[in-house]
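Here is the file start-v9.cif (mmCIF, C-alpha atoms).
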data_structure
#
loop_
_atom_site.group_PDB
_atom_site.id
_atom_site.type_symbol
_atom_site.label_atom_id
_atom_site.label_comp_id
_atom_site.auth_asym_id
_atom_site.auth_seq_id
_atom_site.Cartn_x
_atom_site.Cartn_y
_atom_site.Cartn_z
ATOM 1 C CA MET P 1 98.238 75.980 73.215
ATOM 2 C CA ARG P 2 96.976 79.456 74.202
ATOM 3 C CA ALA P 3 96.703 80.412 77.877
ATOM 4 C CA GLN P 4 93.186 80.474 79.305
ATOM 5 C CA LEU P 5 91.705 82.809 81.899
ATOM 6 C CA VAL P 6 89.374 81.480 84.569
ATOM 7 C CA SER P 7 85.738 81.987 83.609
ATOM 8 C CA ALA P 8 84.387 85.533 83.982
ATOM 9 C CA ASP P 9 82.008 84.545 86.792
ATOM 10 C CA GLU P 10 84.949 83.134 88.813
ATOM 11 C CA MET P 11 87.113 86.259 88.467
ATOM 12 C CA VAL P 12 87.510 88.459 91.500
ATOM 13 C CA LYS P 13 87.820 92.205 91.127
ATOM 14 C CA PRO P 14 90.730 93.380 93.290
ATOM 15 C CA SER P 15 90.457 96.526 95.390
ATOM 16 C CA GLU P 16 92.366 99.548 94.115
ATOM 17 C CA ALA P 17 95.192 98.801 96.557
ATOM 18 C CA GLU P 18 95.278 95.151 95.457
ATOM 19 C CA LEU P 19 95.371 96.179 91.784
ATOM 20 C CA ARG P 20 98.324 98.455 92.550
ATOM 21 C CA CYS P 21 100.100 95.480 94.188
ATOM 22 C CA ILE P 22 99.373 93.262 91.194
ATOM 23 C CA LEU P 23 100.809 95.846 88.797
ATOM 24 C CA ARG P 24 103.861 96.417 91.005
ATOM 25 C CA ALA P 25 104.602 92.699 91.169
ATOM 26 C CA ALA P 26 103.996 92.344 87.427
ATOM 27 C CA ASP P 27 106.712 94.913 86.742
ATOM 28 C CA GLU P 28 109.271 92.481 88.161
ATOM 29 C CA ILE P 29 108.489 89.852 85.527
ATOM 30 C CA ILE P 30 107.330 91.725 82.406
ATOM 31 C CA MET P 31 108.203 89.536 79.399
ATOM 32 C CA ARG P 32 110.096 87.165 81.708
ATOM 33 C CA ALA P 33 107.417 85.060 83.370
ATOM 34 C CA GLY P 34 103.706 84.387 83.420
ATOM 35 C CA ARG P 35 100.636 84.468 85.593
ATOM 36 C CA ASP P 36 101.711 81.607 87.873
ATOM 37 C CA MET P 37 104.962 83.350 88.813
ATOM 38 C CA LEU P 38 103.071 86.605 89.382
ATOM 39 C CA ALA P 39 100.701 84.805 91.766
ATOM 40 C CA LYS P 40 103.671 83.263 93.608
ATOM 41 C CA ILE P 41 105.302 86.680 94.127
ATOM 42 C CA LEU P 42 102.076 88.076 95.542
ATOM 43 C CA LYS P 43 101.583 85.002 97.739
ATOM 44 C CA GLY P 44 105.146 85.164 99.055
ATOM 45 C CA SER P 45 106.151 81.750 97.787
ATOM 46 C CA LYS P 46 109.426 80.298 99.039
ATOM 47 C CA GLU P 47 109.720 78.240 95.852
ATOM 48 C CA LYS P 48 113.310 77.859 94.654
ATOM 49 C CA LYS P 49 112.611 79.597 91.329
ATOM 50 C CA VAL P 50 111.037 82.648 93.015
ATOM 51 C CA LEU P 51 113.946 82.999 95.431
ATOM 52 C CA GLY P 52 116.516 82.183 92.753
ATOM 53 C CA TYR P 53 115.380 85.104 90.609
ATOM 54 C CA GLY P 54 115.433 87.407 93.643
ATOM 55 C CA LEU P 55 111.700 88.040 93.347
ATOM 56 C CA ASP P 56 111.411 87.995 97.132
ATOM 57 C CA ALA P 57 113.028 91.465 97.015
ATOM 58 C CA CYS P 58 109.953 92.873 95.272
ATOM 59 C CA PRO P 59 108.334 95.475 97.557
ATOM 60 C CA VAL P 60 104.949 93.715 97.324
ATOM 61 C CA TYR P 61 106.290 90.167 97.747
ATOM 62 C CA GLY P 62 103.901 88.317 100.042
ATOM 63 C CA CYS P 63 101.330 91.095 100.241
ATOM 64 C CA PHE P 64 98.572 88.575 99.389
ATOM 65 C CA HIS P 65 99.851 85.920 101.829
ATOM 66 C CA GLU P 66 96.336 85.480 103.266
ATOM 67 C CA TYR P 67 94.947 84.396 99.874
ATOM 68 C CA THR P 68 95.342 81.056 98.138
ATOM 69 C CA LEU P 69 97.148 80.902 94.805
ATOM 70 C CA ALA P 70 93.783 80.170 93.155
ATOM 71 C CA GLU P 71 92.247 83.316 94.678
ATOM 72 C CA ILE P 72 95.217 85.403 93.576
ATOM 73 C CA THR P 73 94.986 83.962 90.067
ATOM 74 C CA LYS P 74 91.326 85.019 89.890
ATOM 75 C CA MET P 75 92.368 88.613 90.674
ATOM 76 C CA ILE P 76 95.198 88.493 88.130
ATOM 77 C CA ASP P 77 92.788 87.157 85.520
ATOM 78 C CA TRP P 78 90.374 90.002 86.297
ATOM 79 C CA SER P 79 93.309 92.412 85.748
ATOM 80 C CA ILE P 80 93.940 90.821 82.362
ATOM 81 C CA ARG P 81 90.245 90.813 81.387
ATOM 82 C CA ALA P 82 89.909 94.470 82.522
ATOM 83 C CA GLY P 83 92.806 95.444 80.242
ATOM 84 C CA TYR P 84 95.560 96.283 82.745
ATOM 85 C CA LEU P 85 97.742 93.305 81.892
ATOM 86 C CA ALA P 86 97.984 91.014 78.888
ATOM 87 C CA TRP P 87 99.884 88.022 77.633
ATOM 88 C CA ASP P 88 102.566 88.122 75.028
ATOM 89 C CA TYR P 89 104.022 84.895 73.759
ATOM 90 C CA ASP P 90 107.648 83.854 73.615
ATOM 91 C CA GLY P 91 107.189 80.784 71.507
ATOM 92 C CA ARG P 92 104.497 78.879 73.391
ATOM 93 C CA LEU P 93 105.059 80.548 76.754
ATOM 94 C CA PRO P 94 102.526 83.206 77.782
ATOM 95 C CA LEU P 95 104.412 86.049 79.449
ATOM 96 C CA ILE P 96 102.863 88.918 81.413
ATOM 97 C CA VAL P 97 103.025 92.409 79.856
ATOM 98 C CA PHE P 98 101.464 95.761 80.656
ATOM 99 C CA THR P 99 98.753 97.101 78.406
ATOM 100 C CA GLN P 100 98.750 100.848 77.745
ATOM 101 C CA LYS P 101 95.975 101.195 80.347
ATOM 102 C CA GLY P 102 97.985 99.233 82.917
ATOM 103 C CA TRP P 103 101.171 101.134 82.143
ATOM 104 C CA GLU P 104 99.423 104.505 82.579
ATOM 105 C CA LEU P 105 98.098 103.405 85.985
ATOM 106 C CA TYR P 106 101.444 101.930 87.028
ATOM 107 C CA LYS P 107 103.815 104.804 86.102
ATOM 108 C CA PRO P 108 102.862 107.092 89.012
ATOM 109 C CA ILE P 109 102.934 104.131 91.413
ATOM 110 C CA TYR P 110 106.527 103.396 90.438
ATOM 111 C CA ALA P 111 107.511 107.085 90.421
ATOM 112 C CA GLU P 112 106.217 107.430 93.991
ATOM 113 C CA GLU P 113 108.101 104.298 95.066
ATOM 114 C CA LEU P 114 111.318 105.716 93.621
ATOM 115 C CA HIS P 115 110.666 109.064 95.321
ATOM 116 C CA GLN P 116 110.285 107.330 98.682
ATOM 117 C CA ARG P 117 113.468 105.313 98.108
ATOM 118 C CA ILE P 118 115.384 108.502 97.321
ATOM 119 C CA LEU P 119 114.091 110.129 100.507
ATOM 120 C CA HIS P 120 115.191 107.152 102.597
ATOM 121 C CA THR P 121 118.544 106.367 100.979
ATOM 122 C CA ALA P 122 121.528 108.030 102.607
ATOM 123 C CA GLU P 123 124.454 105.600 102.499
ATOM 124 C CA GLU P 124 126.748 106.539 99.597
ATOM 125 C CA LYS P 125 126.953 103.064 98.065
ATOM 126 C CA ALA P 126 123.126 102.760 98.103
ATOM 127 C CA VAL P 127 122.783 106.242 96.572
ATOM 128 C CA LEU P 128 125.093 105.286 93.700
ATOM 129 C CA ALA P 129 123.182 102.030 93.127
ATOM 130 C CA LEU P 130 119.897 103.951 93.070
ATOM 131 C CA ILE P 131 121.309 106.452 90.556
ATOM 132 C CA GLU P 132 122.374 103.539 88.333
ATOM 133 C CA GLN P 133 118.847 102.135 88.558
ATOM 134 C CA LEU P 134 117.371 105.529 87.624
ATOM 135 C CA LYS P 135 119.584 105.683 84.531
ATOM 136 C CA LYS P 136 117.907 102.448 83.342
ATOM 137 C CA THR P 137 114.371 103.496 84.313
ATOM 138 C CA ASN P 138 111.761 104.397 81.714
ATOM 139 C CA ARG P 139 111.943 108.086 80.791
ATOM 140 C CA GLU P 140 108.210 108.652 81.370
ATOM 141 C CA VAL P 141 108.610 107.421 84.957
ATOM 142 C CA ILE P 142 111.677 109.639 85.442
ATOM 143 C CA LEU P 143 109.765 112.717 84.283
ATOM 144 C CA LEU P 144 106.916 111.924 86.678
ATOM 145 C CA LEU P 145 109.425 111.377 89.479
ATOM 146 C CA LEU P 146 111.104 114.728 88.861
ATOM 147 C CA GLU P 147 107.736 116.474 88.728
ATOM 148 C CA ASP P 148 106.778 114.882 92.063
ATOM 149 C CA MET P 149 110.081 115.989 93.562
ATOM 150 C CA ALA P 150 109.595 119.557 92.321
ATOM 151 C CA THR P 151 106.073 119.645 93.760
ATOM 152 C CA SER P 152 107.271 118.293 97.106
ATOM 153 C CA LYS P 153 109.608 121.287 97.596
ATOM 154 C CA ASN P 154 111.733 119.025 99.822
ATOM 155 C CA ILE P 155 115.164 120.651 100.029
ATOM 156 C CA GLY P 156 116.490 117.458 101.579
ATOM 157 C CA ILE P 157 116.747 115.851 98.146
ATOM 158 C CA LEU P 158 118.877 118.574 96.543
ATOM 159 C CA ARG P 159 122.136 116.739 97.300
ATOM 160 C CA PHE P 160 120.774 113.588 95.682
ATOM 161 C CA LEU P 161 119.610 115.555 92.619
ATOM 162 C CA GLU P 162 123.033 117.213 92.238
ATOM 163 C CA GLN P 163 124.726 113.818 92.403
ATOM 164 C CA TRP P 164 122.261 112.244 89.954
ATOM 165 C CA ARG P 165 122.606 115.208 87.568
ATOM 166 C CA GLN P 166 126.319 114.508 87.065
ATOM 167 C CA CYS P 167 125.615 111.033 85.654
ATOM 168 C CA GLU P 168 122.745 111.785 83.284
ATOM 169 C CA ILE P 169 122.282 112.598 79.619
ATOM 170 C CA GLN P 170 121.492 116.188 78.633
ATOM 171 C CA LYS P 171 117.684 115.826 78.391
ATOM 172 C CA VAL P 172 117.383 114.362 81.874
ATOM 173 C CA ARG P 173 120.008 116.768 83.235
ATOM 174 C CA SER P 174 117.979 119.749 82.059
ATOM 175 C CA ARG P 175 114.852 118.334 83.756
ATOM 176 C CA ILE P 176 116.843 117.768 86.957
ATOM 177 C CA ASP P 177 117.981 121.418 86.746
ATOM 178 C CA TRP P 178 114.338 122.484 86.429
ATOM 179 C CA THR P 179 113.451 120.342 89.471
ATOM 180 C CA ILE P 180 116.268 121.882 91.534
ATOM 181 C CA THR P 181 115.116 125.383 90.560
ATOM 182 C CA GLU P 182 111.519 124.589 91.519
ATOM 183 C CA ILE P 183 112.562 123.192 94.905
ATOM 184 C CA ARG P 184 114.732 126.232 95.660
ATOM 185 C CA ARG P 185 111.789 128.569 94.921
ATOM 186 C CA ALA P 186 110.076 127.307 98.070
#

Could you express the structure from this file as structure tokens?
Amino acid sequence: MRAQLVSADEMVKPSEAELRCILRAADEIIMRAGRDMLAKILKGSKEKKVLGYGLDACPVYGCFHEYTLAEITKMIDWSIRAGYLAWDYDGRLPLIVFTQKGWELYKPIYAEELHQRILHTAEEKAVLALIEQLKKTNREVILLLLEDMATSKNIGILRFLEQWRQCEIQKVRSRIDWTITEIRRA
């Protein structure tokens, strides 16, 4: 059986900030879970499955705590109808995926989140864990992140960039070098 959206007249258009939260939460479960799990992340559910998958660590976990699950679902369905998210099926299970439109809107959101994490991560073990995460992050997001860093001209991130550079492949290393050069031009 195919998944069904709520009727169009019941859908609720989220604000821009709410749409950003929906997309951020969706990133945690792309091709792993569906609309119900997405709503539970946004609600801040304490359900065993949500906590068991560590979804309570999502930066937007619980950001819709004032809404009911039904209200959240209506916003998620609007996001699907508007072409930001879609369903892909794993057998009979409808799993949340980004559309191209949703992905294009989400990339800078994630790049900015990573930039902020870099700025606020100092402890060596956390820095190394963040570098490992960056090595697994989509290349388009990495390029946006490095561009943001270069534009920021924040010399405080040079040490992080030097450390990250040592662990990367040549293409990313050359972009990190460009970023370092741009920051030093300030």

Exercise. For segment 102-108 of chain P, work out the shell of residues within 7 Å, counting all atoms listed in the file and skipping chain neighbours fewer than 6 positions away, then give it as a PyMOL selection string.
Key: chain P and resi 23+83-85+141+144

Written selection (C-alpha atoms) as an mmCIF file, in the coordinates of the input:
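Writing the result to result-v5.cif gives the following:
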data_model
loop_
_atom_site.group_PDB
_atom_site.id
_atom_site.type_symbol
_atom_site.label_atom_id
_atom_site.label_comp_id
_atom_site.auth_asym_id
_atom_site.auth_seq_id
_atom_site.Cartn_x
_atom_site.Cartn_y
_atom_site.Cartn_z
ATOM 1 C CA LEU P 23 100.809 95.846 88.797
ATOM 2 C CA GLY P 83 92.806 95.444 80.242
ATOM 3 C CA TYR P 84 95.560 96.283 82.745
ATOM 4 C CA LEU P 85 97.742 93.305 81.892
ATOM 5 C CA VAL P 141 108.610 107.421 84.957
ATOM 6 C CA LEU P 144 106.916 111.924 86.678
#

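Going from atom CA of Trp87 of chain P to atom CA of Gln133 of chain P covers 26.0 Å.
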
Quiz item: Which residues fall under the PyMOL selection byres ((chain P and resi 161-167) around 9) in this file, as a ChimeraX atom specification?
Solution: /P:127-128,131-132,134-135,157-160,168-169,172-174,176-177,179-180

Save the residues we just selected, C-alpha atoms, as a PDB file, in the frame of the given file?
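Result file is again-v7.pdb:
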ATOM      1  CA  VAL P 127     122.783 106.242  96.572  1.00  0.00           C
ATOM      2  CA  LEU P 128     125.093 105.286  93.700  1.00  0.00           C
ATOM      3  CA  ILE P 131     121.309 106.452  90.556  1.00  0.00           C
ATOM      4  CA  GLU P 132     122.374 103.539  88.333  1.00  0.00           C
ATOM      5  CA  LEU P 134     117.371 105.529  87.624  1.00  0.00           C
ATOM      6  CA  LYS P 135     119.584 105.683  84.531  1.00  0.00           C
ATOM      7  CA  ILE P 157     116.747 115.851  98.146  1.00  0.00           C
ATOM      8  CA  LEU P 158     118.877 118.574  96.543  1.00  0.00           C
ATOM      9  CA  ARG P 159     122.136 116.739  97.300  1.00  0.00           C
ATOM     10  CA  PHE P 160     120.774 113.588  95.682  1.00  0.00           C
ATOM     11  CA  GLU P 168     122.745 111.785  83.284  1.00  0.00           C
ATOM     12  CA  ILE P 169     122.282 112.598  79.619  1.00  0.00           C
ATOM     13  CA  VAL P 172     117.383 114.362  81.874  1.00  0.00           C
ATOM     14  CA  ARG P 173     120.008 116.768  83.235  1.00  0.00           C
ATOM     15  CA  SER P 174     117.979 119.749  82.059  1.00  0.00           C
ATOM     16  CA  ILE P 176     116.843 117.768  86.957  1.00  0.00           C
ATOM     17  CA  ASP P 177     117.981 121.418  86.746  1.00  0.00           C
ATOM     18  CA  THR P 179     113.451 120.342  89.471  1.00  0.00           C
ATOM     19  CA  ILE P 180     116.268 121.882  91.534  1.00  0.00           C
TER      20      ILE P 180
END

Quiz prompt | Selected residue of minimal separation from Leu38 of chain P among P:Glu10, P:Asp88, P:Glu113, P:Asp77, counting all atoms listed in the file | solution = P:Asp77

Quiz item: For Glu28 of chain P, which of P:Met75, P:Ile96, P:Leu69, P:Ala3 is the closest residue, counting only C-alpha atoms?
Solution: P:Ile96

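Atom pair atom CA of Ser45 of chain P / atom CA of Val6 of chain P has a distance of 21.4 Å (rounded to one decimal).
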
Self-check item: Atomic separation - atom CA of Asp36 of chain P relative to atom CA of Tyr53 of chain P, Å
Solution: 14.4 Å

Write out as a tab-separated table (two decimals) with C-alpha atoms, in the coordinates of the input which residues come within 12 Å of Asp56 of chain P when counting only C-alpha atoms, dropping same-chain ones fewer than 5 positions away.
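Generated file (part_5.tsv):
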chain	number	residue	atom	x	y	z
P	25	ALA	CA	104.60	92.70	91.17
P	28	GLU	CA	109.27	92.48	88.16
P	37	MET	CA	104.96	83.35	88.81
P	38	LEU	CA	103.07	86.60	89.38
P	40	LYS	CA	103.67	83.26	93.61
P	41	ILE	CA	105.30	86.68	94.13
P	42	LEU	CA	102.08	88.08	95.54
P	43	LYS	CA	101.58	85.00	97.74
P	44	GLY	CA	105.15	85.16	99.06
P	45	SER	CA	106.15	81.75	97.79
P	46	LYS	CA	109.43	80.30	99.04
P	47	GLU	CA	109.72	78.24	95.85
P	48	LYS	CA	113.31	77.86	94.65
P	49	LYS	CA	112.61	79.60	91.33
P	50	VAL	CA	111.04	82.65	93.02
P	51	LEU	CA	113.95	83.00	95.43
P	61	TYR	CA	106.29	90.17	97.75
P	62	GLY	CA	103.90	88.32	100.04
P	63	CYS	CA	101.33	91.10	100.24

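Using only C-alpha atoms, the smallest distance between any of P:Gln4, P:Arg92, P:Met149, P:Arg35 and Ile22 of chain P comes from P:Arg35.
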
Quiz item: With only C-alpha atoms as the atoms that count, which of P:Glu182, P:Asp9, P:Glu18, P:Asp27 lies nearest to Thr99 of chain P?
Solution: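 Among the listed residues, the smallest separation from Thr99 of chain P belongs to P:Asp27.
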
Quiz item: From the set P:Leu93, P:Leu145, P:Leu130, P:Thr137, which residue has the shortest atom-to-atom contact distance to His115 of chain P, counting all atoms listed in the file?
Solution: P:Leu145

Self-check item: Closest of P:His120, P:Arg185, P:Arg175, P:Ile142 to Gly156 of chain P - atom-to-atom distances counting all atoms listed in the file
Solution: P:His120

Quiz item: What's the 9 Å shell around Ile109 of chain P, counting only C-alpha atoms, without same-chain residues fewer than 5 positions away, as a PyMOL selection string?
Solution: chain P and resi 20+23-24+114

Give me the box for segment 89-107 of chain P as JSON, namely the centre and edge lengths in Å to one decimal of a box along x, y and z that holds every listed atom plus 4 Å on each side.
{"center_x": 101.8, "center_y": 91.8, "center_z": 79.3, "size_x": 19.7, "size_y": 33.9, "size_z": 23.5}

Practice problem: Give me the residues within 8 Å of Val12 of chain P as a ChimeraX atom specification, counting only C-alpha atoms and dropping any in the same chain fewer than 3 places off. | Solution: /P:71,74-75,78

For the residues in the current selection, export C-alpha atoms as an mmCIF file, in the coordinates of the input.
data_model
loop_
_atom_site.group_PDB
_atom_site.id
_atom_site.type_symbol
_atom_site.label_atom_id
_atom_site.label_comp_id
_atom_site.auth_asym_id
_atom_site.auth_seq_id
_atom_site.Cartn_x
_atom_site.Cartn_y
_atom_site.Cartn_z
ATOM 1 C CA GLU P 71 92.247 83.316 94.678
ATOM 2 C CA LYS P 74 91.326 85.019 89.890
ATOM 3 C CA MET P 75 92.368 88.613 90.674
ATOM 4 C CA TRP P 78 90.374 90.002 86.297
#

Practice problem: I need the residue set behind the PyMOL selection byres ((chain P and resi 186) around 9) for this file; please write it as a list of chain:residue names. | Solution: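 Expected selection for the PyMOL selection byres ((chain P and resi 186) around 9) here is P:Lys153, P:Asn154, P:Ile155, P:Glu182, P:Ile183, P:Arg184, P:Arg185.
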